[in-house]
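Right, one structure below, let's go through it.
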Amino acid sequence: MHPFSYTRVSDTGEALAAGHLGGRYIAGGTTLVDLMRETVERPGTLVDISGLPLDEVTVTERGGLRIGALVTMAGAAAHPKVRTLYPVVSEALELSASAQLRNMATIGGNIMQRTRCTYFRDVTADCDKRVPGSGCAAREGVNRTHAILGASDRCVATHPSDVAVAFAALDARVRLTGPDGERQVPFADFLLRPGNTPQREHALRKGELITAVEIPAHPRPLRSGYLKVRDRQSYEFALTSAAVALHIRGGVIREARVAAGGVGTVPWKLPEVEQHLIGERPSAPLWAAAAGRAAAGARPLKHNRFKVELLKRTVERQLRIVGGTK
């Protein structure tokens, strides 16, 4: 680990001033500290924001939900409003990491976590995300766990967060504050696809701080849930996952929100699946037909072709569960 300085701030103004000077924000530290140990990240200054008042879950005036950036994963998963209004969020969190990590890691840190691609974390391997212009060893290497959607010639790494998939499905927004004031960014625009600049992973500006993730109000009743497929049931990252939220009234699907994880360079919204569902009555044939569109545009690599069919099956299974026709 390389030398660094550490400062703990007590208010947002202090944090922004330190961040503007190049300091890296840290709270639970469950990702950044690991990357520093592996010398993948070498920040000169760590700014401890764990004492800021950003650790509350509140219902918004319009009936949505605001989750503070410093709410822990365990705290958000257990919160009665999260469990009642958006079970998909609770389930995604509870299927993430280990209990010890969920007690430490924060919502803001979780959506900002970097890929688990082994080539990214191996400083001896070529990785355009870590060292722009060096190449992508994963494309011709062992790429079983890599992306089939949203990849580029420069990067095929998946985004590892489970709850980010739920946020993407629910059309959440990321609330930010920075030197230029406050703003909100749609979740779909917050995490960036690699394209030709895989080192740019998010829409944060210099010195900006995540203050909350806000889920808009959705029509009720709303059924939602999260399904994760992995190599083992204990602590493991997704091969595929599906976050589904359905508004069914009068026996007809009025609104549908569907996103996939473990298969994209970012949490992957599935608009073609959603459009196929709206206005239809729940049925096994409907779920199968909609899920058949889940892998549209997929570009699998040598070792992860199986993910195309696995994604379709995962989406179909979760549509059956949430739609009430198991």
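Quick note on naming: the chains in the structure tokens go A, B, ... in the order shown, residues restart at 1 in each chain, and ligands are numbered from 1 in order of appearance.
Every protein or nucleic acid residue with an atom no more than 8 Å from range 188-191 of chain A, counting only C-alpha atoms and leaving out same-chain residues fewer than 4 positions away, appears here: Ala168, Asp171, Val174, Glu201, His202, Ala203, Leu204, Val266 and Lys269 of chain A.
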Those same residues - C-alpha atoms - I'd like them written as a PDB file, in the first residue's frame.
ATOM      1  CA  ALA A 168     -32.111   1.032 -12.583  1.00  0.00           C
ATOM      2  CA  ASP A 171     -35.885   4.613 -12.613  1.00  0.00           C
ATOM      3  CA  VAL A 174     -28.878  10.000  -7.834  1.00  0.00           C
ATOM      4  CA  GLU A 201     -17.264   5.012 -14.922  1.00  0.00           C
ATOM      5  CA  HIS A 202     -19.734   7.575 -13.596  1.00  0.00           C
ATOM      6  CA  ALA A 203     -21.166  11.036 -14.150  1.00  0.00           C
ATOM      7  CA  LEU A 204     -19.730  12.609 -10.994  1.00  0.00           C
ATOM      8  CA  VAL A 266     -23.736  -1.246 -16.299  1.00  0.00           C
ATOM      9  CA  LYS A 269     -32.530  -1.834 -18.456  1.00  0.00           C
TER      10      LYS A 269
END
Near-Thr211 in chain A list (7 Å; only C-alpha atoms; drop same-chain fewer than 4 positions) as a PyMOL selection string: chain A and resi 54+68-69+175-177
Go ahead and compute the interatomic distance for CA of Leu301 in chain A and CA of Pro132 in chain A, in Å to one decimal.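 If I compute the distance from CA of Leu301 in chain A to CA of Pro132 in chain A, I get 21.5 Å.
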I'd like a table as a Markdown table: residues in range 138-222 of chain A with an atom no more than 12 Å from range 309-316 of chain A, each row giving the shortest atom pair and its distance in Å to one decimal, only C-alpha atoms counted, sorted by chain and rising residue number.
| residue | atom | partner | partner_atom | distance |
| --- | --- | --- | --- | --- |
| A:Ala147 | CA | A:Leu311 | CA | 11.5 |
| A:Ile148 | CA | A:Leu311 | CA | 10.0 |
| A:Leu149 | CA | A:Leu311 | CA | 10.9 |
Would you list the contacts of Glu208 in chain A as a PyMOL selection string, taking every protein, DNA or RNA residue within 12 Å and counting only C-alpha atoms, but skipping same-chain residues closer than 3 positions in sequence? chain A and resi 12-13+15-25+174-184+202-205+211
Selected residues written out, C-alpha atoms, as a compact mmCIF listing (two decimals), in the first residue's frame:
# COMPACT_ATOMS: atom_id res chain seq x y z
CA THR A 12 -20.68 18.74 3.89
CA GLY A 13 -18.82 22.00 3.23
CA ALA A 15 -16.11 17.40 2.51
CA LEU A 16 -16.65 19.32 -0.72
CA ALA A 17 -13.60 21.51 -0.11
CA ALA A 18 -11.42 18.45 0.45
CA GLY A 19 -12.94 16.63 -2.51
CA HIS A 20 -12.37 19.61 -4.79
CA LEU A 21 -8.66 19.45 -3.90
CA GLY A 22 -8.52 15.86 -5.08
CA GLY A 23 -9.39 13.92 -1.93
CA ARG A 24 -11.17 10.58 -2.32
CA TYR A 25 -14.33 10.12 -0.28
CA VAL A 174 -28.88 10.00 -7.83
CA ARG A 175 -28.84 13.20 -5.80
CA LEU A 176 -25.50 15.02 -5.83
CA THR A 177 -24.00 18.08 -4.25
CA GLY A 178 -20.81 19.81 -5.31
CA PRO A 179 -19.01 23.11 -5.80
CA ASP A 180 -21.69 24.19 -8.30
CA GLY A 181 -24.62 23.27 -6.08
CA GLU A 182 -27.07 20.38 -6.07
CA ARG A 183 -28.32 18.34 -8.99
CA GLN A 184 -29.98 15.03 -9.79
CA HIS A 202 -19.73 7.57 -13.60
CA ALA A 203 -21.17 11.04 -14.15
CA LEU A 204 -19.73 12.61 -10.99
CA ARG A 205 -17.96 15.91 -11.47
CA THR A 211 -26.11 12.54 -0.93
As a PyMOL selection string, list the residues of range 7-216 of chain A assigned to alpha helix (DSSP H) by DSSP on the backbone atoms of this structure. chain A and resi 12-20+32-37+73-78+80-85+87-94+99-104+107-112+118-121+137-140+163-169+187-190
Any chance you can output those residues with C-alpha atoms as a PDB file, in the first residue's frame?
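What follows is the written file part31.pdb:
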ATOM      1  CA  THR A  12     -20.684  18.744   3.887  1.00  0.00           C
ATOM      2  CA  GLY A  13     -18.823  21.996   3.229  1.00  0.00           C
ATOM      3  CA  GLU A  14     -15.593  20.526   4.581  1.00  0.00           C
ATOM      4  CA  ALA A  15     -16.105  17.398   2.515  1.00  0.00           C
ATOM      5  CA  LEU A  16     -16.654  19.324  -0.716  1.00  0.00           C
ATOM      6  CA  ALA A  17     -13.597  21.510  -0.107  1.00  0.00           C
ATOM      7  CA  ALA A  18     -11.419  18.445   0.448  1.00  0.00           C
ATOM      8  CA  GLY A  19     -12.936  16.627  -2.513  1.00  0.00           C
ATOM      9  CA  HIS A  20     -12.369  19.613  -4.787  1.00  0.00           C
ATOM     10  CA  LEU A  32     -11.622   1.190  -1.801  1.00  0.00           C
ATOM     11  CA  VAL A  33      -9.399  -0.251   0.929  1.00  0.00           C
ATOM     12  CA  ASP A  34      -9.150  -3.548  -0.972  1.00  0.00           C
ATOM     13  CA  LEU A  35      -8.171  -1.731  -4.151  1.00  0.00           C
ATOM     14  CA  MET A  36      -5.545   0.252  -2.272  1.00  0.00           C
ATOM     15  CA  ARG A  37      -4.057  -2.945  -0.829  1.00  0.00           C
ATOM     16  CA  MET A  73     -26.736  -1.887   3.030  1.00  0.00           C
ATOM     17  CA  ALA A  74     -28.025  -3.785   6.073  1.00  0.00           C
ATOM     18  CA  GLY A  75     -29.887  -0.737   7.344  1.00  0.00           C
ATOM     19  CA  ALA A  76     -31.599  -0.096   4.018  1.00  0.00           C
ATOM     20  CA  ALA A  77     -32.521  -3.765   3.561  1.00  0.00           C
ATOM     21  CA  ALA A  78     -34.124  -3.927   7.009  1.00  0.00           C
ATOM     22  CA  PRO A  80     -39.710  -1.148   7.049  1.00  0.00           C
ATOM     23  CA  LYS A  81     -40.489   1.422   4.322  1.00  0.00           C
ATOM     24  CA  VAL A  82     -37.994  -0.151   1.927  1.00  0.00           C
ATOM     25  CA  ARG A  83     -39.328  -3.639   2.634  1.00  0.00           C
ATOM     26  CA  THR A  84     -42.944  -2.548   2.243  1.00  0.00           C
ATOM     27  CA  LEU A  85     -42.738  -0.175  -0.711  1.00  0.00           C
ATOM     28  CA  PRO A  87     -39.122  -5.349  -1.812  1.00  0.00           C
ATOM     29  CA  VAL A  88     -36.908  -5.546  -4.913  1.00  0.00           C
ATOM     30  CA  VAL A  89     -34.434  -3.224  -3.178  1.00  0.00           C
ATOM     31  CA  SER A  90     -34.408  -5.197   0.077  1.00  0.00           C
ATOM     32  CA  GLU A  91     -33.988  -8.493  -1.753  1.00  0.00           C
ATOM     33  CA  ALA A  92     -31.146  -7.172  -3.906  1.00  0.00           C
ATOM     34  CA  LEU A  93     -29.317  -5.933  -0.824  1.00  0.00           C
ATOM     35  CA  GLU A  94     -29.831  -9.130   1.147  1.00  0.00           C
ATOM     36  CA  ALA A  99     -23.519  -9.972   6.544  1.00  0.00           C
ATOM     37  CA  GLN A 100     -20.336  -8.349   7.850  1.00  0.00           C
ATOM     38  CA  LEU A 101     -19.848  -6.334   4.667  1.00  0.00           C
ATOM     39  CA  ARG A 102     -23.508  -5.290   4.546  1.00  0.00           C
ATOM     40  CA  ASN A 103     -23.148  -3.892   8.059  1.00  0.00           C
ATOM     41  CA  MET A 104     -20.254  -1.674   6.905  1.00  0.00           C
ATOM     42  CA  ILE A 107     -25.555   2.699  -0.438  1.00  0.00           C
ATOM     43  CA  GLY A 108     -23.418   5.429  -2.018  1.00  0.00           C
ATOM     44  CA  GLY A 109     -20.326   3.263  -1.912  1.00  0.00           C
ATOM     45  CA  ASN A 110     -22.170   0.251  -3.270  1.00  0.00           C
ATOM     46  CA  ILE A 111     -23.286   1.932  -6.475  1.00  0.00           C
ATOM     47  CA  MET A 112     -19.791   3.418  -6.882  1.00  0.00           C
ATOM     48  CA  THR A 118      -9.827 -10.244 -12.324  1.00  0.00           C
ATOM     49  CA  TYR A 119      -7.763  -8.526 -15.030  1.00  0.00           C
ATOM     50  CA  PHE A 120      -8.676  -5.104 -13.658  1.00  0.00           C
ATOM     51  CA  ARG A 121      -7.547  -6.185 -10.186  1.00  0.00           C
ATOM     52  CA  ALA A 137      -6.817  -8.939 -21.520  1.00  0.00           C
ATOM     53  CA  ALA A 138     -10.312 -10.242 -20.776  1.00  0.00           C
ATOM     54  CA  ARG A 139     -11.411 -10.224 -24.415  1.00  0.00           C
ATOM     55  CA  GLU A 140      -9.043 -13.073 -25.309  1.00  0.00           C
ATOM     56  CA  VAL A 163     -28.952  -2.979  -5.673  1.00  0.00           C
ATOM     57  CA  ALA A 164     -27.908  -0.836  -8.650  1.00  0.00           C
ATOM     58  CA  VAL A 165     -29.931  -3.223 -10.831  1.00  0.00           C
ATOM     59  CA  ALA A 166     -32.995  -2.597  -8.665  1.00  0.00           C
ATOM     60  CA  PHE A 167     -32.408   1.167  -8.797  1.00  0.00           C
ATOM     61  CA  ALA A 168     -32.111   1.032 -12.583  1.00  0.00           C
ATOM     62  CA  ALA A 169     -35.348  -0.935 -12.887  1.00  0.00           C
ATOM     63  CA  PHE A 187     -29.673   6.365 -12.585  1.00  0.00           C
ATOM     64  CA  ALA A 188     -29.587   5.226 -16.206  1.00  0.00           C
ATOM     65  CA  ASP A 189     -27.181   8.119 -16.933  1.00  0.00           C
ATOM     66  CA  PHE A 190     -25.124   7.951 -13.741  1.00  0.00           C
TER      67      PHE A 190
END
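The residue set within 7 Å of Arg257 in chain A, counting only C-alpha atoms and dropping same-chain residues fewer than 3 places from it, reads Ala169, Leu170, Val244, Ala245, Leu246 and Glu274 of chain A.
Ranking A:Cys136, A:Ala172, A:Ala105, A:Val131 by their shortest atom-to-atom distance to Cys117 in chain A, with only C-alpha atoms included, puts A:Cys136 first.
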Which value, in Å to one decimal, gives the distance between CA of Val40 in chain A and CA of Asp162 in chain A?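 These two atoms are separated by 22.6 Å.
Going from CA of Val252 in chain A to CA of Pro282 in chain A covers 7.0 Å.
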Which residues, written as a PyMOL selection string, have at least one atom at most 10 Å from Pro271 in chain A, with only C-alpha atoms counted and residues fewer than 3 positions away on the same chain left out? chain A and resi 169+256-259+268+274-277+293-294
Expected file: the selected residues, N, CA and C atoms, as a compact mmCIF listing (two decimals), in the first residue's frame:
# COMPACT_ATOMS: atom_id res chain seq x y z
N ALA A 169 -34.01 -0.49 -12.53
CA ALA A 169 -35.35 -0.94 -12.89
C ALA A 169 -36.40 0.08 -12.44
N ALA A 256 -44.51 -1.78 -16.29
CA ALA A 256 -43.50 -2.82 -16.06
C ALA A 256 -42.13 -2.18 -16.00
N ARG A 257 -41.34 -2.59 -15.03
CA ARG A 257 -39.96 -2.13 -14.89
C ARG A 257 -39.07 -3.36 -14.74
N VAL A 258 -38.14 -3.53 -15.67
CA VAL A 258 -37.29 -4.73 -15.68
C VAL A 258 -35.86 -4.33 -15.99
N ALA A 259 -34.92 -4.87 -15.21
CA ALA A 259 -33.49 -4.64 -15.46
C ALA A 259 -32.72 -5.90 -15.12
N TRP A 268 -28.47 -3.19 -16.53
CA TRP A 268 -29.00 -3.14 -17.89
C TRP A 268 -30.53 -3.09 -17.91
N GLU A 274 -40.08 -4.78 -21.18
CA GLU A 274 -41.14 -3.97 -20.57
C GLU A 274 -42.27 -3.69 -21.55
N GLN A 275 -41.93 -3.28 -22.76
CA GLN A 275 -42.94 -2.93 -23.75
C GLN A 275 -43.81 -4.12 -24.14
N HIS A 276 -43.20 -5.30 -24.14
CA HIS A 276 -43.95 -6.51 -24.51
C HIS A 276 -44.99 -6.86 -23.44
N LEU A 277 -44.76 -6.42 -22.20
CA LEU A 277 -45.64 -6.77 -21.09
C LEU A 277 -46.84 -5.84 -20.94
N ARG A 293 -36.86 -11.55 -25.32
CA ARG A 293 -36.29 -10.30 -25.82
C ARG A 293 -35.19 -9.75 -24.92
N ALA A 294 -34.92 -10.45 -23.80
CA ALA A 294 -34.01 -9.90 -22.79
C ALA A 294 -32.58 -9.75 -23.29
Among range 90-316 of chain A, which ones does DSSP place in strand (DSSP E), written as a PyMOL selection string? chain A and resi 173-178+181-186+209-215+223-229+240-249+252-261+268-269
Given only C-alpha atoms as the basis, pick out the residue of A:Leu52, A:Val47, A:Val185, A:Leu227 nearest to Ser10 in chain A. A:Leu52
Selected residue, from A:Asp11, A:Gly51, A:Arg220, A:Val123, that lies nearest to Gly28 in chain A when counting only C-alpha atoms: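 Closest to Gly28 in chain A, using only C-alpha atoms: A:Gly51.
When only C-alpha atoms are used to compute distances to Thr197 in chain A, the closest of the residues A:Glu272, A:Asp128, A:Asp231, A:Asp55 turns out to be A:Asp128.
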Applying 8 Å and only C-alpha atoms, which residues near Ser152 in chain A remain after dropping the ones on its own chain fewer than 4 positions away? List them as a VMD selection string. chain A and resid 156 194 to 196
